[in-house]
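Pasted below: coords-v2.cif, mmCIF, C-alpha atoms.
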```
data_run
#
loop_
_atom_site.label_atom_id
_atom_site.label_comp_id
_atom_site.auth_asym_id
_atom_site.auth_seq_id
_atom_site.Cartn_x
_atom_site.Cartn_y
_atom_site.Cartn_z
CA MET R 1 -10.42 36.80 -34.78
CA ALA R 2 -13.60 35.39 -33.42
CA ILE R 3 -13.27 33.95 -29.98
CA MET R 4 -14.12 30.30 -30.06
CA ALA R 5 -15.93 28.68 -27.19
CA ILE R 6 -13.37 26.89 -25.05
CA PRO R 7 -14.42 23.56 -23.55
CA ALA R 8 -14.83 23.64 -19.80
CA PHE R 9 -12.06 21.16 -19.09
CA LEU R 10 -9.52 23.34 -20.92
CA GLN R 11 -10.31 26.46 -18.91
CA GLY R 12 -8.45 25.30 -15.83
CA SER R 13 -9.70 25.94 -12.35
CA THR R 14 -11.49 29.28 -12.55
CA ASP R 15 -13.06 29.06 -9.13
CA LEU R 16 -11.42 28.03 -5.92
CA ASN R 17 -13.46 25.20 -4.45
CA VAL R 18 -12.09 23.70 -1.26
CA SER R 19 -14.59 21.62 0.61
CA GLY R 20 -14.99 18.38 2.46
CA PRO R 21 -16.10 15.17 0.77
CA ASN R 22 -19.47 15.32 -0.96
CA ILE R 23 -22.34 13.73 0.89
CA ILE R 24 -24.07 11.31 -1.45
CA ALA R 25 -26.88 10.28 0.88
CA SER R 26 -27.72 10.63 4.53
CA PHE R 27 -30.16 8.65 6.62
CA GLU R 28 -31.11 8.50 10.26
CA ILE R 29 -30.83 5.53 12.61
CA PHE R 30 -31.89 5.93 16.27
CA GLY R 31 -31.66 9.70 15.98
CA ILE R 32 -28.08 9.65 14.69
CA THR R 33 -27.58 11.01 11.20
CA ILE R 34 -25.33 8.71 9.21
CA ARG R 35 -23.78 10.35 6.18
CA PHE R 36 -22.85 8.25 3.18
CA THR R 37 -19.99 10.29 1.73
CA GLU R 38 -17.79 10.26 -1.34
CA THR R 39 -14.98 8.93 0.85
CA ILE R 40 -16.81 5.66 1.51
CA VAL R 41 -17.21 4.99 -2.21
CA LEU R 42 -13.57 5.82 -2.87
CA GLU R 43 -12.50 3.62 0.04
CA TRP R 44 -14.31 0.67 -1.47
CA ILE R 45 -12.55 1.38 -4.78
CA VAL R 46 -9.19 1.42 -2.98
CA MET R 47 -10.06 -1.80 -1.17
CA ALA R 48 -11.03 -3.44 -4.47
CA VAL R 49 -7.75 -2.31 -6.05
CA ILE R 50 -5.68 -3.67 -3.16
CA LEU R 51 -7.63 -6.93 -3.13
CA GLY R 52 -7.25 -7.30 -6.89
CA LEU R 53 -3.53 -6.61 -6.64
CA CYS R 54 -3.14 -9.19 -3.86
CA VAL R 55 -5.03 -11.83 -5.82
CA PHE R 56 -3.09 -11.00 -8.97
CA LEU R 57 0.32 -11.14 -7.24
CA THR R 58 -0.29 -14.32 -5.24
CA ARG R 59 -1.79 -16.56 -7.91
CA ASN R 60 0.11 -19.76 -8.73
CA LEU R 61 2.70 -19.53 -5.97
CA LYS R 62 5.53 -21.99 -6.59
CA VAL R 63 8.68 -23.06 -4.78
CA ASN R 64 10.76 -23.60 -7.89
CA GLY R 65 10.74 -21.47 -11.03
CA VAL R 66 9.06 -18.46 -9.49
CA SER R 67 7.40 -15.90 -11.71
CA LYS R 68 8.05 -12.15 -11.69
CA ARG R 69 4.75 -11.58 -9.91
CA GLN R 70 5.74 -13.88 -7.09
CA VAL R 71 9.10 -12.15 -6.70
CA ILE R 72 7.35 -8.78 -6.33
CA ALA R 73 4.93 -10.20 -3.76
CA GLU R 74 7.76 -11.83 -1.82
CA MET R 75 9.79 -8.62 -1.85
CA ALA R 76 6.89 -6.60 -0.49
CA VAL R 77 6.06 -9.09 2.25
CA GLU R 78 9.72 -9.45 3.22
CA ALA R 79 10.26 -5.67 3.36
CA ILE R 80 7.32 -5.17 5.74
CA THR R 81 8.27 -8.20 7.84
CA ASN R 82 11.85 -6.95 8.19
CA LEU R 83 10.60 -3.48 9.13
CA VAL R 84 8.33 -4.89 11.83
CA ARG R 85 11.09 -7.18 13.13
CA ASP R 86 13.64 -4.34 13.26
CA THR R 87 11.29 -1.88 14.92
CA MET R 88 9.18 -4.01 17.25
CA GLY R 89 11.18 -7.19 17.81
CA LYS R 90 10.71 -10.82 16.90
CA SER R 91 7.79 -11.58 19.25
CA TRP R 92 5.64 -8.87 17.60
CA LEU R 93 5.59 -10.34 14.09
CA GLY R 94 1.87 -11.07 14.53
CA PHE R 95 1.26 -7.37 13.91
CA THR R 96 2.72 -7.55 10.39
CA PRO R 97 -0.63 -8.01 8.56
CA TYR R 98 -2.16 -5.02 10.35
CA ILE R 99 0.85 -2.82 9.64
CA ALA R 100 0.94 -3.90 6.00
CA THR R 101 -2.78 -3.24 5.60
CA ILE R 102 -2.55 0.27 7.02
CA PHE R 103 0.50 1.00 4.87
CA CYS R 104 -1.13 -0.21 1.64
CA PHE R 105 -4.42 1.52 2.41
CA SER R 106 -2.68 4.79 3.26
CA ILE R 107 -0.49 4.79 0.15
CA PHE R 108 -3.23 3.78 -2.28
CA GLY R 109 -5.71 6.11 -0.60
CA SER R 110 -3.34 9.05 -0.88
CA LEU R 111 -2.18 8.25 -4.40
CA LEU R 112 -5.82 8.37 -5.48
CA SER R 113 -5.27 12.13 -5.76
CA LEU R 114 -3.02 11.47 -8.78
CA THR R 115 -6.04 10.25 -10.72
CA GLY R 116 -7.94 13.47 -10.06
CA LEU R 117 -10.20 11.89 -7.48
CA ARG R 118 -10.29 13.03 -3.89
CA ALA R 119 -7.63 11.43 -1.71
CA VAL R 120 -9.26 9.16 0.87
CA THR R 121 -6.77 10.33 3.49
CA SER R 122 -7.82 13.97 3.19
CA ASP R 123 -10.97 13.03 5.10
CA PHE R 124 -10.36 13.24 8.83
CA SER R 125 -12.79 10.44 9.70
CA VAL R 126 -10.62 7.88 7.86
CA LEU R 127 -7.50 8.81 9.84
CA ALA R 128 -9.50 9.04 13.06
CA THR R 129 -10.66 5.46 12.49
CA TRP R 130 -7.12 4.19 11.97
CA ALA R 131 -5.88 6.09 14.99
CA ALA R 132 -8.74 4.66 17.05
CA ILE R 133 -7.74 1.13 16.02
CA THR R 134 -4.15 1.88 17.02
CA PHE R 135 -5.34 3.32 20.33
CA ILE R 136 -7.33 0.13 21.02
CA LEU R 137 -4.27 -1.97 20.19
CA ILE R 138 -2.07 0.12 22.51
CA THR R 139 -4.57 -0.21 25.36
CA ALA R 140 -5.01 -3.94 24.70
CA THR R 141 -1.24 -4.44 24.78
CA LYS R 142 -0.98 -2.55 28.06
CA ILE R 143 -3.77 -4.64 29.61
CA ARG R 144 -2.26 -7.86 28.21
CA PHE R 145 1.09 -7.24 29.88
CA GLY R 146 0.01 -5.47 33.05
CA GLY R 147 -3.56 -6.59 33.68
CA VAL R 148 -6.44 -4.16 34.17
CA GLY R 149 -5.08 -3.11 37.55
CA GLY R 150 -1.63 -2.49 36.15
CA TYR R 151 -3.11 -0.48 33.30
CA LEU R 152 -5.09 1.74 35.66
CA LYS R 153 -2.11 2.04 37.99
CA GLY R 154 0.00 3.24 35.06
CA PHE R 155 -1.99 6.49 35.11
CA LEU R 156 -0.69 7.24 38.63
CA ASP R 157 2.91 6.77 37.52
CA PRO R 158 5.32 8.18 38.80
CA ILE R 159 3.26 10.21 41.34
CA PRO R 160 -0.56 10.43 41.63
CA VAL R 161 -0.50 14.18 40.90
CA MET R 162 0.40 13.32 37.31
CA LEU R 163 -3.04 11.73 36.67
CA PRO R 164 -4.49 14.51 34.47
CA ILE R 165 -1.31 14.82 32.46
CA ASN R 166 -1.14 11.05 31.93
CA ILE R 167 -4.75 10.93 30.74
CA LEU R 168 -4.07 13.86 28.42
CA SER R 169 -0.98 12.25 26.93
CA GLU R 170 -2.92 9.00 26.50
CA VAL R 171 -5.61 10.79 24.50
CA ALA R 172 -3.15 13.02 22.63
CA THR R 173 -1.38 10.03 21.07
CA PRO R 174 -4.11 8.94 18.61
CA VAL R 175 -5.35 12.50 18.08
CA ALA R 176 -1.88 13.69 17.09
CA MET R 177 -1.36 10.68 14.81
CA ALA R 178 -4.64 11.27 12.98
CA LEU R 179 -4.18 15.05 12.74
CA ARG R 180 -0.62 14.71 11.41
CA HIS R 181 -1.58 12.47 8.50
CA PHE R 182 -4.76 14.44 7.78
CA GLY R 183 -3.01 17.82 8.00
CA ASN R 184 -0.25 16.82 5.62
CA ILE R 185 -2.49 15.35 2.92
CA ALA R 186 -5.32 17.88 3.23
CA GLY R 187 -2.88 20.81 3.47
CA GLY R 188 -1.05 19.53 0.40
CA SER R 189 -4.24 19.25 -1.62
CA ILE R 190 -5.31 22.77 -0.58
CA ILE R 191 -1.93 24.19 -1.59
CA MET R 192 -2.14 22.38 -4.94
CA GLY R 193 -5.64 23.80 -5.45
CA LEU R 194 -4.33 27.30 -4.71
CA VAL R 195 -1.44 26.81 -7.15
CA TYR R 196 -3.76 25.68 -9.97
CA PHE R 197 -6.13 28.57 -9.24
CA GLY R 198 -3.29 31.10 -9.13
CA LEU R 199 -1.65 29.86 -12.32
CA THR R 200 -4.99 29.90 -14.15
CA GLY R 201 -5.55 33.48 -13.05
CA LEU R 202 -2.00 34.41 -14.08
CA SER R 203 -2.39 32.97 -17.56
CA HIS R 204 -5.71 34.75 -17.99
CA LEU R 205 -3.94 37.93 -16.90
CA VAL R 206 -1.45 37.68 -19.78
CA LYS R 207 -4.37 37.11 -22.18
CA LEU R 208 -4.00 33.40 -22.74
CA GLN R 209 -7.39 31.84 -23.35
CA ILE R 210 -6.19 28.37 -22.45
CA PRO R 211 -4.23 28.35 -19.15
CA ILE R 212 -0.92 27.13 -20.56
CA LEU R 213 0.95 28.05 -17.37
CA THR R 214 -0.79 25.24 -15.49
CA ILE R 215 0.98 22.69 -17.68
CA GLY R 216 4.23 21.41 -16.21
CA ILE R 217 4.81 23.93 -13.41
CA PRO R 218 2.47 22.25 -10.85
CA ALA R 219 4.12 18.89 -11.56
CA VAL R 220 7.18 19.95 -9.55
CA LEU R 221 5.04 20.70 -6.51
CA SER R 222 2.87 17.66 -7.14
CA LEU R 223 5.99 15.51 -6.91
CA TYR R 224 6.40 16.66 -3.32
CA PHE R 225 2.79 17.01 -2.18
CA ASP R 226 1.33 13.98 -3.96
CA LEU R 227 4.17 11.45 -4.11
CA PHE R 228 6.81 12.17 -1.45
CA SER R 229 4.37 13.36 1.19
CA ASP R 230 2.07 10.34 0.67
CA PHE R 231 4.82 7.78 1.07
CA MET R 232 6.32 9.70 3.97
CA GLN R 233 3.05 9.98 5.86
CA ALA R 234 2.16 6.31 5.31
CA PHE R 235 5.62 5.33 6.55
CA ILE R 236 5.43 7.65 9.56
CA PHE R 237 1.96 6.42 10.45
CA ILE R 238 3.03 2.77 10.55
CA MET R 239 6.32 3.65 12.30
CA LEU R 240 4.47 5.50 15.05
CA THR R 241 1.91 2.68 15.31
CA MET R 242 4.71 0.15 15.77
CA VAL R 243 6.67 2.29 18.22
CA PHE R 244 3.63 3.10 20.38
CA ILE R 245 2.39 -0.51 20.47
CA SER R 246 5.78 -1.98 21.33
CA ASN R 247 6.36 0.76 23.93
CA ALA R 248 3.11 -0.23 25.63
CA ALA R 249 4.78 -3.46 26.77
CA PRO R 250 7.05 -3.36 29.81
CA PRO R 251 10.71 -2.74 28.88
CA GLU R 252 12.09 -5.94 30.47
CA ASP R 253 10.00 -7.96 28.04
CA GLU R 254 11.66 -6.20 25.14
CA THR R 255 15.16 -7.02 26.31
CA GLN R 256 14.22 -10.69 26.43
CA THR R 257 12.98 -10.75 22.88
CA ALA R 258 15.61 -8.52 21.35
CA MET Q 1 -22.93 41.60 4.23
CA ASP Q 2 -23.55 42.75 7.74
CA ILE Q 3 -20.72 44.80 9.24
CA SER Q 4 -20.40 42.53 12.29
CA GLU Q 5 -20.18 39.47 10.05
CA ALA Q 6 -17.54 41.19 7.96
CA ILE Q 7 -15.48 41.96 11.06
CA VAL Q 8 -15.73 38.32 12.18
CA LEU Q 9 -14.65 37.09 8.74
CA ALA Q 10 -11.70 39.48 8.66
CA GLY Q 11 -10.73 38.42 12.16
CA SER Q 12 -10.90 34.76 11.13
CA ALA Q 13 -8.67 35.38 8.14
CA ILE Q 14 -6.10 37.28 10.22
CA GLY Q 15 -6.27 34.59 12.88
CA ALA Q 16 -5.62 31.89 10.28
CA GLY Q 17 -2.57 33.79 9.09
CA LEU Q 18 -1.32 34.21 12.65
CA ALA Q 19 -1.91 30.52 13.38
CA MET Q 20 0.48 29.58 10.62
CA ILE Q 21 3.33 31.31 12.48
CA ALA Q 22 3.37 27.97 14.30
CA GLY Q 23 5.22 26.67 11.24
CA ILE Q 24 8.43 28.37 12.39
CA GLY Q 25 8.96 26.01 15.34
CA PRO Q 26 8.84 22.69 13.47
CA GLY Q 27 10.97 24.21 10.70
CA ILE Q 28 13.79 25.05 13.09
CA GLY Q 29 13.37 21.82 15.06
CA GLU Q 30 13.32 19.51 12.07
CA GLY Q 31 16.25 21.29 10.48
CA TYR Q 32 18.24 20.77 13.66
CA ALA Q 33 17.23 17.09 13.82
CA VAL Q 34 18.18 16.45 10.20
CA GLY Q 35 21.50 18.22 10.68
CA LYS Q 36 22.30 16.04 13.68
CA ALA Q 37 21.24 12.94 11.72
CA CYS Q 38 23.65 13.91 8.92
CA GLU Q 39 26.43 14.24 11.49
CA ALA Q 40 25.56 10.85 12.94
CA ILE Q 41 25.54 9.18 9.53
CA ALA Q 42 28.86 10.81 8.62
CA ARG Q 43 30.36 9.48 11.84
CA GLN Q 44 28.83 6.03 11.56
CA PRO Q 45 27.69 5.26 7.99
CA GLU Q 46 26.76 1.65 8.84
CA ALA Q 47 24.00 2.86 11.19
CA SER Q 48 22.39 5.05 8.53
CA GLY Q 49 19.21 2.93 8.35
CA ALA Q 50 18.44 3.14 12.03
CA VAL Q 51 19.42 6.83 12.19
CA THR Q 52 17.20 7.72 9.24
CA ARG Q 53 14.22 5.83 10.68
CA THR Q 54 14.58 7.43 14.08
CA MET Q 55 15.01 10.86 12.48
CA PHE Q 56 11.80 10.52 10.46
CA VAL Q 57 9.80 9.48 13.50
CA GLY Q 58 11.29 12.36 15.50
CA CYS Q 59 10.54 14.79 12.67
CA ALA Q 60 6.96 13.53 12.54
CA VAL Q 61 6.52 14.13 16.24
CA ALA Q 62 8.17 17.55 16.03
CA GLU Q 63 5.82 18.41 13.20
CA SER Q 64 2.74 18.03 15.44
CA THR Q 65 2.71 21.64 16.62
CA GLY Q 66 2.91 22.94 13.07
CA ILE Q 67 0.08 20.64 12.03
CA TYR Q 68 -2.02 21.89 14.95
CA GLY Q 69 -1.50 25.42 13.65
CA LEU Q 70 -2.52 24.31 10.17
CA ILE Q 71 -5.67 22.63 11.51
CA ILE Q 72 -6.63 25.81 13.37
CA ALA Q 73 -6.06 27.84 10.22
CA LEU Q 74 -8.17 25.43 8.15
CA LEU Q 75 -10.96 25.51 10.73
CA LEU Q 76 -10.93 29.31 10.80
CA ILE Q 77 -11.04 29.63 7.02
CA PHE Q 78 -13.37 26.82 5.95
CA LEU Q 79 -15.52 26.02 8.97
CA LYS Q 80 -15.94 29.66 10.13
CA PRO Q 81 -16.81 28.69 13.72
CA PHE Q 82 -17.48 32.28 14.85
CA THR Q 83 -19.97 33.36 12.18
#
```
Before we go any further, please render this structure as structure tokens.
Amino acid sequence: MAIMAIPAFLQGSTDLNVSGPNIIASFEIFGITIRFTETIVLEWIVMAVILGLCVFLTRNLKVNGVSKRQVIAEMAVEAITNLVRDTMGKSWLGFTPYIATIFCFSIFGSLLSLTGLRAVTSDFSVLATWAAITFILITATKIRFGGVGGYLKGFLDPIPVMLPINILSEVATPVAMALRHFGNIAGGSIIMGLVYFGLTGLSHLVKLQIPILTIGIPAVLSLYFDLFSDFMQAFIFIMLTMVFISNAAPPEDETQTA
Amino acid sequence: MDISEAIVLAGSAIGAGLAMIAGIGPGIGEGYAVGKACEAIARQPEASGAVTRTMFVGCAVAESTGIYGLIIALLLIFLKPFT
């Protein structure tokens, strides 16, 4: 039987290609090279999707005779508000929009991998940005409650010898947060790439022209790496953000509000 | 390929494999944490929400060391800092 030419998209992944996001354009400002990467484009897509969803869900809000859309929107807002109230306390409800934004962005950015595009959260710069925002919020909270002097004095707590360790733990907080989210999503996508590559090779080994083995089997792993891991990491990221920010305030303040 | 470059590449690959031994620690730690959380929920089912939340945050923190190992392995394989 003559071997027919198989279209490229049916051949599976015949080469293992693990790389960072593609650089679409790069230009220089004041000697600093700014790279316009794939991630930025995908981030704008995610932002547009979230914005569209928000506009769609919150149109025609009514008090009586609510629509299904409004019920969904109310459920989502209430769930996040309750989470913030339970974790941080009543006086911290002002942080709800930030927490909800990070949560939505993280989930939609990670679920982008289900569409075959690159997950936004598998780029370290995205997570580093979020962690930097959280770090600024933690520092701002510390300064708000203790003043600049109290903030600087906190580094000498409990004894001045601890200064280097305190600085290290201060820096390690955002770095660990960013690396955790990045490592989980990027590691998951690399493992999925290896699985597709391995299964394609295996089906070529048993003389199947079209890699039938890659149908169905990766879905089981994808369930964990693409769905469970995404939700888990988004949840953990906002939980840690909330815990770190509310821990930055002095403990006696928390007992008052609780 | 130059022999010295080949040695560096081989060393990087072995190092990446060794770095992933770091996965043992979080595995044991998280298993222990989840086991204790199950005990706590069995003893006090009404506190399951708070216990589960605390457990996930604790697991995430315990996972850090494993993730550091993974990052080192990724750097060694894909960034090849020593070549």
Taking only C-alpha atoms into account and nothing else, which residues of chain R lie no more than 7 Å away from chain Q? Please answer as a PDB file with C-alpha atoms, keeping the file's coordinate frame.
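Contents of the output file part.pdb:
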```
ATOM      1  CA  ALA R 176      -1.880  13.690  17.090  1.00  0.00           C
ATOM      2  CA  ARG R 180      -0.620  14.710  11.410  1.00  0.00           C
ATOM      3  CA  GLY R 183      -3.010  17.820   8.000  1.00  0.00           C
ATOM      4  CA  ILE R 236       5.430   7.650   9.560  1.00  0.00           C
ATOM      5  CA  MET R 239       6.320   3.650  12.300  1.00  0.00           C
ATOM      6  CA  LEU R 240       4.470   5.500  15.050  1.00  0.00           C
TER       7      LEU R 240
END
```
Evaluate the PyMOL selection byres ((chain R and resi 192) around 10) on the structure here and hand back the selected residues as a ChimeraX atom specification. /R:186-191,193-198,218-219,221-222,225-226
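Once the PyMOL selection byres ((chain Q and resi 15) around 12) is applied to this file, the selection holds Ile7, Val8, Leu9, Ala10, Gly11, Ser12, Ala13, Ile14, Ala16, Gly17, Leu18, Ala19, Met20, Ile21, Ala22, Gly69, Leu70, Ile72, Ala73, Leu74, Leu75, Leu76, Ile77, Lys80 and Phe82 of chain Q.
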Taking only C-alpha atoms into account, which of R:Pro21, R:Gly52, R:Gly146, R:Pro164 comes nearest R:Glu38? R:Pro21
Contacts of Q:Glu39 at 12 Å or less, counting all atoms listed in the file, minus same-chain residues fewer than 5 places along, as a PDB file with C-alpha atoms, keeping the file's coordinate frame?
```
ATOM      1  CA  TYR Q  32      18.240  20.770  13.660  1.00  0.00           C
ATOM      2  CA  ALA Q  33      17.230  17.090  13.820  1.00  0.00           C
ATOM      3  CA  VAL Q  34      18.180  16.450  10.200  1.00  0.00           C
ATOM      4  CA  GLN Q  44      28.830   6.030  11.560  1.00  0.00           C
ATOM      5  CA  PRO Q  45      27.690   5.260   7.990  1.00  0.00           C
ATOM      6  CA  ALA Q  47      24.000   2.860  11.190  1.00  0.00           C
ATOM      7  CA  SER Q  48      22.390   5.050   8.530  1.00  0.00           C
ATOM      8  CA  VAL Q  51      19.420   6.830  12.190  1.00  0.00           C
ATOM      9  CA  THR Q  52      17.200   7.720   9.240  1.00  0.00           C
ATOM     10  CA  MET Q  55      15.010  10.860  12.480  1.00  0.00           C
TER      11      MET Q  55
END
```
The PyMOL selection byres ((chain R and resi 122) around 6) resolved against shown file, as a ChimeraX atom specification: /R:119-121,123,182,185-186
Report, in Å with one decimal, the straight-line distance from atom CA of R:Val41 to atom CA of R:Met177. 23.9 Å
Smallest atom-to-atom distance to R:Ala234: which of R:Ser106, R:Thr141, R:Thr87, R:Ser169, using all atoms listed in the file? R:Ser106
If you count only C-alpha atoms, which residues fall within 12 Å of R:Glu43, apart from same-chain ones fewer than 2 positions away, as a PyMOL selection string? chain R and resi 36-41+45-50+105-106+108-110+112+117-123+125-126
